[in-house]
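Asks: Before we start, here is the structure in question, set down as structure tokens.
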Amino acid sequence: MADPVDMATDIVAEHLARGLASINAAVPAGQPGECDACFEHMPRIVGGMCAPCRDRAAKMRNLRGRTDG
């Protein structure tokens, strides 16, 4: 019979395995180039934008979603 520490360890391991399995590991490939939003040359452009501009755009979409609904 397992003691409470062994049972807790099993529960944590199962929880971690489920969490890791649910992660969407699809990371879009990027290319170096000029950002369409800020016009800075960046080492990784995805969808025409650099990471800071993509983050700002996502934040604005989230803010609009909260105020619209």
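Ordered as shown in the structure tokens, chains take letters A, B, and onward, while each chain numbers its residues from 1 and ligands are numbered from 1 in the order shown.
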Near region 18-31 of chain A, counting only C-alpha atoms, which residues have an atom at most 12 Å away, once you skip same-chain residues fewer than 5 positions from it, shown as a PDB file with C-alpha atoms, in the first residue's frame?
Replies:
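File written: out-v4.pdb
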ATOM      1  CA  ILE A  11      -1.338  12.911  -8.517  1.00  0.00           C
ATOM      2  CA  VAL A  12       1.165  15.677  -9.238  1.00  0.00           C
ATOM      3  CA  ALA A  13       2.814  13.612 -11.982  1.00  0.00           C
ATOM      4  CA  HIS A  41      14.397  45.678 -38.587  1.00  0.00           C
ATOM      5  CA  MET A  42      13.927  42.651 -36.315  1.00  0.00           C
ATOM      6  CA  PRO A  43      15.454  39.154 -36.295  1.00  0.00           C
ATOM      7  CA  ARG A  44      12.022  37.474 -36.236  1.00  0.00           C
ATOM      8  CA  ILE A  45       8.953  38.729 -38.083  1.00  0.00           C
ATOM      9  CA  VAL A  46       5.741  36.668 -37.980  1.00  0.00           C
ATOM     10  CA  GLY A  47       2.677  37.768 -39.916  1.00  0.00           C
ATOM     11  CA  GLY A  48       4.437  40.995 -40.849  1.00  0.00           C
ATOM     12  CA  MET A  49       4.998  42.087 -37.241  1.00  0.00           C
ATOM     13  CA  CYS A  50       7.710  41.813 -34.594  1.00  0.00           C
ATOM     14  CA  ALA A  51       6.991  40.388 -31.150  1.00  0.00           C
TER      15      ALA A  51
END
Asks: Using DSSP on the backbone coordinates, identify all residues within chain A classified as strand (DSSP E or B); present the result as a tab-separated table (two decimals) with N, CA, C and O atoms, in the first residue's frame.
Replies:
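The result, stored in states.tsv:
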chain	number	residue	atom	x	y	z
A	31	GLN	N	10.87	35.07	-39.90
A	31	GLN	CA	11.96	35.44	-40.79
A	31	GLN	C	12.49	36.81	-40.37
A	31	GLN	O	11.72	37.65	-39.90
A	32	PRO	N	13.77	37.06	-40.51
A	32	PRO	CA	14.26	38.40	-40.23
A	32	PRO	C	13.71	39.38	-41.25
A	32	PRO	O	13.45	39.02	-42.41
A	33	GLY	N	13.49	40.60	-40.83
A	33	GLY	CA	13.00	41.61	-41.77
A	33	GLY	C	12.48	42.82	-41.04
A	33	GLY	O	12.71	43.02	-39.85
A	34	GLU	N	11.76	43.65	-41.79
A	34	GLU	CA	11.21	44.90	-41.26
A	34	GLU	C	9.76	44.69	-40.83
A	34	GLU	O	8.96	44.12	-41.56
A	41	HIS	N	13.87	46.96	-38.12
A	41	HIS	CA	14.40	45.68	-38.59
A	41	HIS	C	14.53	44.76	-37.37
A	41	HIS	O	15.15	45.13	-36.38
A	42	MET	N	13.92	43.59	-37.43
A	42	MET	CA	13.93	42.65	-36.32
A	42	MET	C	14.40	41.28	-36.79
A	42	MET	O	14.21	40.93	-37.96
A	43	PRO	N	14.97	40.48	-35.89
A	43	PRO	CA	15.45	39.15	-36.29
A	43	PRO	C	14.33	38.15	-36.54
A	43	PRO	O	14.55	37.14	-37.20
A	44	ARG	N	13.12	38.42	-36.04
A	44	ARG	CA	12.02	37.47	-36.24
A	44	ARG	C	10.72	38.24	-36.48
A	44	ARG	O	10.20	38.91	-35.59
A	45	ILE	N	10.21	38.12	-37.69
A	45	ILE	CA	8.95	38.73	-38.08
A	45	ILE	C	7.97	37.60	-38.38
A	45	ILE	O	8.27	36.69	-39.14
A	46	VAL	N	6.80	37.66	-37.76
A	46	VAL	CA	5.74	36.67	-37.98
A	46	VAL	C	4.48	37.43	-38.35
A	46	VAL	O	4.04	38.32	-37.62
A	49	MET	N	4.73	41.28	-38.43
A	49	MET	CA	5.00	42.09	-37.24
A	49	MET	C	6.03	41.44	-36.33
A	49	MET	O	6.13	40.22	-36.26
Asks: Under the rule that only C-alpha atoms are counted, which of A:Thr9, A:Ala2, A:Glu40, A:Cys35 is the nearest residue to Arg54 (chain A)?
Replies: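 For Arg54 (chain A), the nearest of the given residues is A:Cys35.
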Asks: Give the helix (DSSP H, G or I) residues of chain A, as DSSP finds them on the backbone, and put them as a PyMOL selection string.
Replies: chain A and resi 4-21+51-68
